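**Student:** target.txt is reproduced below (compact mmCIF, C-alpha atoms and all ligand atoms).
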```
# COMPACT_ATOMS: atom_id res chain seq x y z
CA MET A 1 2.49 -3.89 10.92
CA LYS A 2 -0.43 -3.47 8.55
CA PHE A 3 -0.69 -5.60 5.41
CA PHE A 4 -2.14 -4.03 2.27
CA VAL A 5 -2.44 -5.80 -1.07
CA ASP A 6 -1.20 -3.82 -4.08
CA THR A 7 -3.64 -4.71 -6.84
CA ALA A 8 -6.92 -3.79 -8.50
CA ASN A 9 -7.71 -7.46 -9.17
CA LEU A 10 -10.90 -8.33 -7.29
CA ALA A 11 -10.19 -12.08 -7.09
CA GLN A 12 -6.77 -11.41 -5.52
CA ILE A 13 -8.26 -8.89 -3.08
CA ARG A 14 -10.88 -11.48 -2.07
CA GLU A 15 -8.20 -14.17 -1.65
CA ALA A 16 -6.02 -11.87 0.47
CA ASN A 17 -9.02 -10.77 2.53
CA ASP A 18 -10.10 -14.39 3.12
CA LEU A 19 -6.75 -15.01 4.84
CA GLY A 20 -8.03 -12.74 7.64
CA ILE A 21 -4.85 -10.67 7.78
CA LEU A 22 -5.60 -7.93 5.26
CA ASP A 23 -5.76 -4.31 6.44
CA GLY A 24 -6.14 -2.45 3.16
CA VAL A 25 -5.64 -2.15 -0.59
CA THR A 26 -3.56 0.15 -2.77
CA THR A 27 -4.17 0.73 -6.45
CA ASN A 28 -2.62 2.99 -9.06
CA PRO A 29 -3.59 3.94 -12.63
CA SER A 30 -1.32 1.23 -14.08
CA LEU A 31 -2.90 -1.47 -11.90
CA MET A 32 -6.40 -0.29 -12.89
CA ALA A 33 -5.48 -0.32 -16.59
CA LYS A 34 -4.00 -3.83 -16.18
CA GLU A 35 -7.44 -5.05 -15.05
CA GLY A 36 -9.05 -3.36 -18.08
CA ILE A 37 -10.89 -0.80 -15.94
CA VAL A 38 -11.28 2.23 -18.20
CA GLY A 39 -13.57 5.27 -18.21
CA GLN A 40 -14.26 7.59 -15.27
CA GLN A 41 -17.48 5.91 -14.08
CA ASN A 42 -16.08 2.36 -14.36
CA ILE A 43 -13.02 3.43 -12.39
CA LEU A 44 -15.15 4.97 -9.62
CA ASP A 45 -17.43 1.90 -9.55
CA HIS A 46 -14.39 -0.37 -9.25
CA TYR A 47 -13.15 1.51 -6.17
CA VAL A 48 -16.56 1.06 -4.55
CA GLU A 49 -16.47 -2.65 -5.40
CA ILE A 50 -13.08 -2.98 -3.71
CA CYS A 51 -14.41 -1.14 -0.63
CA ASN A 52 -17.35 -3.55 -0.51
CA ILE A 53 -15.03 -6.58 -0.50
CA MET A 54 -12.89 -5.57 2.45
CA ASP A 55 -13.17 -3.20 5.41
CA GLY A 56 -9.91 -1.23 5.40
CA ASP A 57 -8.23 1.73 3.77
CA VAL A 58 -8.36 1.68 -0.04
CA SER A 59 -5.99 4.02 -1.88
CA ALA A 60 -7.45 5.57 -5.05
CA GLU A 61 -5.04 7.66 -7.09
CA VAL A 62 -5.74 11.03 -8.70
CA ILE A 63 -4.51 11.66 -12.24
CA SER A 64 -4.50 15.46 -12.10
CA THR A 65 -1.22 17.26 -11.52
CA ASP A 66 -2.48 20.76 -10.63
CA PHE A 67 -3.82 21.73 -7.21
CA GLU A 68 -7.39 22.48 -8.32
CA GLY A 69 -7.60 19.28 -10.34
CA ILE A 70 -6.19 17.11 -7.54
CA LYS A 71 -8.57 18.77 -5.07
CA ARG A 72 -11.60 18.25 -7.36
CA GLU A 73 -10.73 14.60 -8.06
CA GLY A 74 -9.83 13.88 -4.46
CA LEU A 75 -13.15 15.20 -3.16
CA ILE A 76 -15.03 12.97 -5.63
CA LEU A 77 -12.94 9.93 -4.61
CA ALA A 78 -13.30 10.61 -0.88
CA ASP A 79 -17.06 10.90 -1.32
CA LEU A 80 -17.29 7.38 -2.79
CA HIS A 81 -16.81 5.49 0.48
CA LYS A 82 -15.59 6.15 4.03
CA ASN A 83 -12.54 3.90 3.47
CA ILE A 84 -11.16 5.71 0.44
CA VAL A 85 -7.71 7.24 0.87
CA VAL A 86 -6.79 9.81 -1.78
CA LYS A 87 -3.47 8.89 -3.36
CA VAL A 88 -1.53 11.97 -4.44
CA PRO A 89 1.82 12.18 -6.26
CA MET A 90 4.87 13.73 -4.59
CA ILE A 91 4.94 16.98 -6.54
CA LYS A 92 4.56 20.60 -5.38
CA GLU A 93 0.87 20.75 -6.28
CA GLY A 94 0.38 17.37 -4.66
CA VAL A 95 1.88 18.50 -1.36
CA LYS A 96 -0.41 21.55 -1.39
CA ALA A 97 -3.37 19.26 -2.00
CA ILE A 98 -2.30 16.89 0.79
CA LYS A 99 -2.31 19.86 3.18
CA PHE A 100 -5.81 20.80 1.96
CA PHE A 101 -7.12 17.23 2.39
CA SER A 102 -5.47 16.89 5.79
CA ASP A 103 -7.05 20.17 6.98
CA ASN A 104 -10.42 18.84 5.81
CA GLY A 105 -10.20 15.42 7.48
CA ILE A 106 -9.58 13.47 4.26
CA LYS A 107 -7.00 10.68 4.40
CA THR A 108 -4.12 10.76 1.91
CA ASN A 109 -1.38 8.50 0.61
CA CYS A 110 1.58 10.41 -0.81
CA THR A 111 2.93 8.25 -3.64
CA LEU A 112 6.02 8.08 -5.86
CA VAL A 113 8.36 8.83 -2.97
CA PHE A 114 12.05 8.14 -3.55
CA SER A 115 13.92 10.28 -1.00
CA ALA A 116 13.97 11.25 2.67
CA GLY A 117 13.52 14.90 1.71
CA GLN A 118 10.25 14.09 -0.04
CA ALA A 119 9.18 12.12 3.05
CA ILE A 120 9.71 15.16 5.28
CA LEU A 121 7.64 17.39 2.98
CA ALA A 122 4.73 14.92 2.91
CA ALA A 123 4.74 14.53 6.69
CA LYS A 124 4.77 18.29 7.21
CA ALA A 125 1.75 18.56 4.89
CA GLY A 126 -0.06 15.99 7.08
CA ALA A 127 -0.12 12.95 4.79
CA THR A 128 -1.78 9.93 6.40
CA TYR A 129 0.48 7.49 4.55
CA LEU A 130 3.79 7.88 2.73
CA SER A 131 4.69 5.42 -0.03
CA PRO A 132 8.41 4.99 -0.69
CA PHE A 133 8.88 2.62 -3.67
CA ILE A 134 11.47 0.05 -2.53
CA GLY A 135 11.64 -2.09 -5.67
CA ARG A 136 11.97 0.84 -8.05
CA VAL A 137 14.79 2.28 -5.91
CA ASP A 138 16.54 -1.11 -5.99
CA ASP A 139 16.15 -1.18 -9.79
CA THR A 140 18.32 1.94 -10.06
CA GLY A 141 21.15 0.39 -8.02
CA TRP A 142 20.27 2.26 -4.82
CA ASP A 143 18.97 0.62 -1.64
CA GLY A 144 15.19 0.82 -1.17
CA LEU A 145 15.29 -0.75 2.29
CA GLN A 146 17.90 1.75 3.47
CA LEU A 147 15.45 4.51 2.44
CA ILE A 148 12.71 2.90 4.59
CA GLY A 149 15.05 2.83 7.61
CA GLN A 150 16.06 6.45 7.06
CA ILE A 151 12.44 7.67 6.86
CA VAL A 152 11.33 5.63 9.89
CA GLU A 153 14.17 7.19 11.91
CA ILE A 154 13.35 10.74 10.79
CA TYR A 155 9.63 10.32 11.54
CA ARG A 156 10.47 8.94 15.00
CA ASN A 157 12.86 11.85 15.70
CA TYR A 158 10.03 14.34 15.27
CA GLY A 159 6.96 12.28 16.18
CA PHE A 160 5.44 12.69 12.71
CA GLN A 161 2.10 10.85 12.58
CA THR A 162 2.42 9.93 8.88
CA GLU A 163 2.59 6.15 8.49
CA VAL A 164 5.43 4.70 6.41
CA LEU A 165 3.78 2.49 3.80
CA ALA A 166 6.52 0.51 2.07
CA ALA A 167 5.49 0.08 -1.58
CA SER A 168 6.85 -1.49 -4.76
CA ILE A 169 7.54 -4.65 -2.78
CA ARG A 170 8.96 -7.39 -4.99
CA ASN A 171 9.34 -10.40 -2.69
CA SER A 172 8.59 -11.87 0.73
CA ASN A 173 11.99 -10.92 2.12
CA HIS A 174 11.20 -7.24 1.46
CA ILE A 175 8.23 -7.65 3.85
CA ILE A 176 10.37 -9.18 6.60
CA LYS A 177 13.07 -6.52 6.22
CA CYS A 178 10.42 -3.77 6.37
CA ALA A 179 9.12 -5.29 9.60
CA GLU A 180 12.65 -5.22 11.06
CA LEU A 181 13.02 -1.58 10.05
CA GLY A 182 9.72 -0.55 11.63
CA ALA A 183 7.66 0.30 8.54
CA ASP A 184 4.03 0.82 9.63
CA VAL A 185 2.52 -0.77 6.52
CA VAL A 186 3.61 -2.93 3.58
CA THR A 187 1.65 -3.00 0.36
CA CYS A 188 2.49 -6.12 -1.60
CA PRO A 189 1.54 -8.29 -4.52
CA LEU A 190 -0.50 -11.25 -3.23
CA SER A 191 2.38 -13.58 -4.25
CA SER A 192 4.76 -11.89 -1.78
CA ILE A 193 2.25 -12.32 1.06
CA LEU A 194 1.68 -15.99 0.15
CA GLY A 195 5.47 -16.49 0.01
CA LEU A 196 5.61 -15.84 3.76
CA PHE A 197 3.80 -19.15 4.37
CA LYS A 198 6.48 -21.21 2.69
CA HIS A 199 8.99 -23.34 4.60
CA PRO A 200 10.08 -26.85 3.59
CA LEU A 201 10.27 -27.97 7.24
CA THR A 202 6.61 -26.99 7.72
CA ASP A 203 5.65 -29.10 4.70
CA SER A 204 7.75 -32.14 5.67
CA GLY A 205 6.76 -31.84 9.34
CA LEU A 206 3.06 -31.76 8.49
CA GLU A 207 3.43 -34.72 6.13
CA GLN A 208 5.12 -36.70 8.93
CA PHE A 209 2.46 -35.81 11.52
CA LEU A 210 -0.38 -36.80 9.19
CA SER A 211 1.35 -40.03 8.18
CA ASP A 212 2.08 -41.00 11.81
CA HIS A 213 -1.53 -40.26 12.74
CA LYS A 214 -2.77 -42.43 9.87
CA LYS A 215 -0.47 -45.33 10.83
CA ALA A 216 -1.61 -45.19 14.45
CA ASN A 217 -5.31 -44.72 13.73
CA GLY A 218 -5.72 -46.74 10.56
C1 LIG B 301 2.24 1.79 -4.57
O1 LIG B 301 1.23 2.09 -3.98
C2 LIG B 301 2.30 1.36 -5.96
O2 LIG B 301 1.01 1.01 -6.38
C3 LIG B 301 3.13 0.13 -6.18
O3 LIG B 301 3.63 -0.41 -4.99
C4 LIG B 301 4.15 0.29 -7.25
O4 LIG B 301 4.82 -0.92 -7.39
P1 LIG B 301 5.65 -1.32 -8.71
O5 LIG B 301 6.96 -0.64 -8.63
O6 LIG B 301 5.77 -2.80 -8.60
O7 LIG B 301 4.83 -0.86 -9.88
```
Is it possible to express this structure as structure tokens?

**Tutor:**
Amino acid sequence: MKFFVDTANLAQIREANDLGILDGVTTNPSLMAKEGIVGQQNILDHYVEICNIMDGDVSAEVISTDFEGIKREGLILADLHKNIVVKVPMIKEGVKAIKFFSDNGIKTNCTLVFSAGQAILAAKAGATYLSPFIGRVDDTGWDGLQLIGQIVEIYRNYGFQTEVLAASIRNSNHIIKCAELGADVVTCPLSSILGLFKHPLTDSGLEQFLSDHKKANG
């Protein structure tokens, strides 16, 4: 399973990358705005900066909603760096654009996915990644993890190459459950990745080992 970090914060991307287990980064317009990255050129420069920190796929989202606009933006984004993945919303024009990018060898991440039907459409268009939003599904009283399982099963039934990238992850347990369900990728806040380290028996066991070593060795 690939680990992506879901942030535009450079310090967090560096910290995740330094762990040695990071495979990629996802961003979205809200995450960029949260970091105060505004203006077309600053946004493009920020994507390049992220690509220079870590060697893995970096999702950069378009803000157009018509085919020509998505295509124009996507081509500019893809031209920035070899690791850029064009992130496209799950709308009719987006699916058409995903097909165009796929036919032209440009990687895509189909975002804002909330149903199995949407997942089928994106896979048929040749999306590289599909991002179902687990946490946001949970927020509505539905089951985000069940959606991941359903999509994984459908993709396996037909041998679709699109990778299931579980997004909107809210905690460490979401990551473990996604691994059980066979998601190809999880994109998570750094805190959810760091949460995987935690176990009280690890902490107490280490304390005991170090204390016994000190007693025996002075
Ligand atoms: C996916 O790529 C999105 O950036 C992200 O996971 C959305 O998460 P949120 O629901 O926490 O905003």

**Student:** Dump the neighbourhood of ligand LIG 301 (chain B) as an MDAnalysis selection string: all residues within 8 Å, distances computed on only C-alpha atoms and all ligand atoms.

**Tutor:** chainID A and resid 6:7 26:28 30:31 59 111:112 131:136 166:170 187:188

**Student:** When you look at range 63-75 of chain A with a cut-off of 12 Å (counting only C-alpha atoms), what residues show up, excluding the ones that are within fewer than 3 positions of it in the same chain? I need them as a PyMOL selection string.

**Tutor:** chain A and resi 28-30+40+43-44+59-60+78-82+84-102+104-109+111

**Student:** For CA of Val25 in chain A and CA of Gln41 in chain A, determine how far apart the two atoms are, in Å to one decimal place.

**Tutor:**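 CA of Gln41 in chain A lies 19.7 Å from CA of Val25 in chain A.
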
**Student:** Which one of A:Asn9, A:Gln118, A:Asn157, A:Asn173 sits closest to Leu196 in chain A if you count all atoms listed in the file?

**Tutor:**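 The closest residue to Leu196 in chain A is A:Asn173.
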
**Student:** Skip Phe3 in chain A itself and residues of its chain fewer than 5 positions away, then list as number ranges by chain all residues within 8 Å of it, counting only C-alpha atoms.

**Tutor:** A: 21-24, 185-188

**Student:** Take range 11-149 of chain A from the preceding structure and save C-alpha atoms as a compact mmCIF listing (two decimals), in the first residue's frame.

**Tutor:**
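File written: part.txt
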```txt
# COMPACT_ATOMS: atom_id res chain seq x y z
CA ALA A 11 7.36 21.28 6.70
CA GLN A 12 4.88 18.41 7.07
CA ILE A 13 5.81 17.01 3.65
CA ARG A 14 9.49 17.12 4.65
CA GLU A 15 8.73 15.42 7.99
CA ALA A 16 6.70 12.68 6.28
CA ASN A 17 9.37 12.22 3.62
CA ASP A 18 12.13 11.98 6.25
CA LEU A 19 10.35 8.92 7.69
CA GLY A 20 11.36 7.10 4.49
CA ILE A 21 7.90 5.68 3.88
CA LEU A 22 6.31 8.42 1.78
CA ASP A 23 5.19 7.63 -1.78
CA GLY A 24 3.42 10.84 -2.76
CA VAL A 25 1.50 13.99 -1.90
CA THR A 26 -2.04 15.15 -2.57
CA THR A 27 -3.18 18.74 -2.41
CA ASN A 28 -6.44 20.52 -3.15
CA PRO A 29 -7.42 24.20 -3.49
CA SER A 30 -8.53 24.35 0.17
CA LEU A 31 -5.20 22.95 1.39
CA MET A 32 -3.29 25.44 -0.80
CA ALA A 33 -5.39 28.35 0.52
CA LYS A 34 -4.80 27.14 4.10
CA GLU A 35 -1.05 27.58 3.54
CA GLY A 36 -1.65 31.10 2.17
CA ILE A 37 -0.56 30.13 -1.36
CA VAL A 38 -2.48 32.49 -3.63
CA GLY A 39 -2.05 33.67 -7.23
CA GLN A 40 -1.48 31.47 -10.28
CA GLN A 41 2.33 31.74 -10.35
CA ASN A 42 2.74 31.17 -6.59
CA ILE A 43 0.51 28.12 -6.82
CA LEU A 44 2.53 26.67 -9.71
CA ASP A 45 5.82 27.44 -7.91
CA HIS A 46 4.53 25.70 -4.78
CA TYR A 47 3.79 22.50 -6.71
CA VAL A 48 7.35 22.53 -8.06
CA GLU A 49 8.68 23.06 -4.54
CA ILE A 50 6.73 20.02 -3.32
CA CYS A 51 8.08 17.96 -6.24
CA ASN A 52 11.61 19.02 -5.30
CA ILE A 53 11.15 17.82 -1.70
CA MET A 54 10.05 14.29 -2.48
CA ASP A 55 10.27 11.88 -5.42
CA GLY A 56 6.73 10.56 -5.88
CA ASP A 57 3.40 11.44 -7.43
CA VAL A 58 2.12 14.91 -6.50
CA SER A 59 -1.55 15.63 -7.18
CA ALA A 60 -2.26 19.20 -8.33
CA GLU A 61 -5.93 20.08 -8.73
CA VAL A 62 -7.52 22.02 -11.59
CA ILE A 63 -10.11 24.67 -10.78
CA SER A 64 -11.83 24.75 -14.17
CA THR A 65 -15.09 22.88 -14.61
CA ASP A 66 -15.36 22.83 -18.43
CA PHE A 67 -13.47 20.40 -20.67
CA GLU A 68 -11.35 23.02 -22.46
CA GLY A 69 -10.44 24.75 -19.21
CA ILE A 70 -9.54 21.50 -17.43
CA LYS A 71 -7.48 20.44 -20.45
CA ARG A 72 -5.64 23.79 -20.62
CA GLU A 73 -4.91 23.84 -16.87
CA GLY A 74 -3.97 20.17 -16.77
CA LEU A 75 -1.43 20.55 -19.57
CA ILE A 76 0.21 23.47 -17.73
CA LEU A 77 0.31 21.47 -14.47
CA ALA A 78 1.66 18.32 -16.14
CA ASP A 79 4.39 20.39 -17.77
CA LEU A 80 5.66 21.62 -14.38
CA HIS A 81 7.35 18.38 -13.33
CA LYS A 82 7.38 14.70 -14.31
CA ASN A 83 5.76 13.73 -10.98
CA ILE A 84 2.69 15.94 -11.29
CA VAL A 85 -0.64 14.10 -11.38
CA VAL A 86 -3.55 16.21 -12.64
CA LYS A 87 -6.38 16.11 -10.12
CA VAL A 88 -9.77 16.39 -11.81
CA PRO A 89 -13.24 16.56 -10.23
CA MET A 90 -15.80 13.79 -10.80
CA ILE A 91 -18.08 15.68 -13.17
CA LYS A 92 -19.02 15.01 -16.81
CA GLU A 93 -16.45 17.46 -18.18
CA GLY A 94 -13.90 16.03 -15.78
CA VAL A 95 -14.41 12.49 -17.01
CA LYS A 96 -13.99 13.68 -20.60
CA ALA A 97 -10.76 15.42 -19.59
CA ILE A 98 -9.50 12.31 -17.77
CA LYS A 99 -9.98 10.34 -20.99
CA PHE A 100 -8.05 13.02 -22.90
CA PHE A 101 -5.18 13.03 -20.37
CA SER A 102 -5.10 9.23 -20.26
CA ASP A 103 -4.91 9.05 -24.07
CA ASN A 104 -2.00 11.51 -23.94
CA GLY A 105 0.02 9.73 -21.24
CA ILE A 106 -0.76 12.23 -18.47
CA LYS A 107 -1.50 10.81 -15.02
CA THR A 108 -4.78 11.79 -13.34
CA ASN A 109 -6.42 11.62 -9.93
CA CYS A 110 -10.21 11.68 -10.10
CA THR A 111 -11.35 13.51 -6.96
CA LEU A 112 -14.58 14.12 -5.04
CA VAL A 113 -15.75 10.53 -5.49
CA PHE A 114 -18.61 9.39 -3.28
CA SER A 115 -20.17 6.39 -5.07
CA ALA A 116 -19.30 3.14 -6.83
CA GLY A 117 -20.98 4.40 -9.99
CA GLN A 118 -18.62 7.36 -10.13
CA ALA A 119 -15.71 4.96 -9.57
CA ILE A 120 -16.72 2.89 -12.61
CA LEU A 121 -16.92 5.99 -14.83
CA ALA A 122 -13.47 7.20 -13.77
CA ALA A 123 -11.90 3.79 -14.36
CA LYS A 124 -13.47 3.52 -17.80
CA ALA A 125 -12.02 6.94 -18.66
CA GLY A 126 -8.56 5.65 -17.65
CA ALA A 127 -7.95 7.55 -14.41
CA THR A 128 -4.62 6.68 -12.79
CA TYR A 129 -6.00 7.21 -9.28
CA LEU A 130 -9.52 7.40 -7.87
CA SER A 131 -10.12 9.35 -4.65
CA PRO A 132 -13.17 8.27 -2.64
CA PHE A 133 -13.54 10.60 0.38
CA ILE A 134 -14.02 8.30 3.39
CA GLY A 135 -14.33 10.92 6.13
CA ARG A 136 -16.83 13.06 4.26
CA VAL A 137 -18.99 9.98 3.57
CA ASP A 138 -18.85 9.09 7.28
CA ASP A 139 -19.91 12.66 8.13
CA THR A 140 -23.20 12.11 6.29
CA GLY A 141 -24.01 8.95 8.27
CA TRP A 142 -22.99 6.57 5.47
CA ASP A 143 -20.00 4.22 5.62
CA GLY A 144 -16.88 5.47 3.84
CA LEU A 145 -14.95 2.25 4.42
CA GLN A 146 -17.77 0.17 2.93
CA LEU A 147 -17.46 2.33 -0.21
CA ILE A 148 -13.71 1.53 -0.41
CA GLY A 149 -14.45 -2.21 -0.17
```
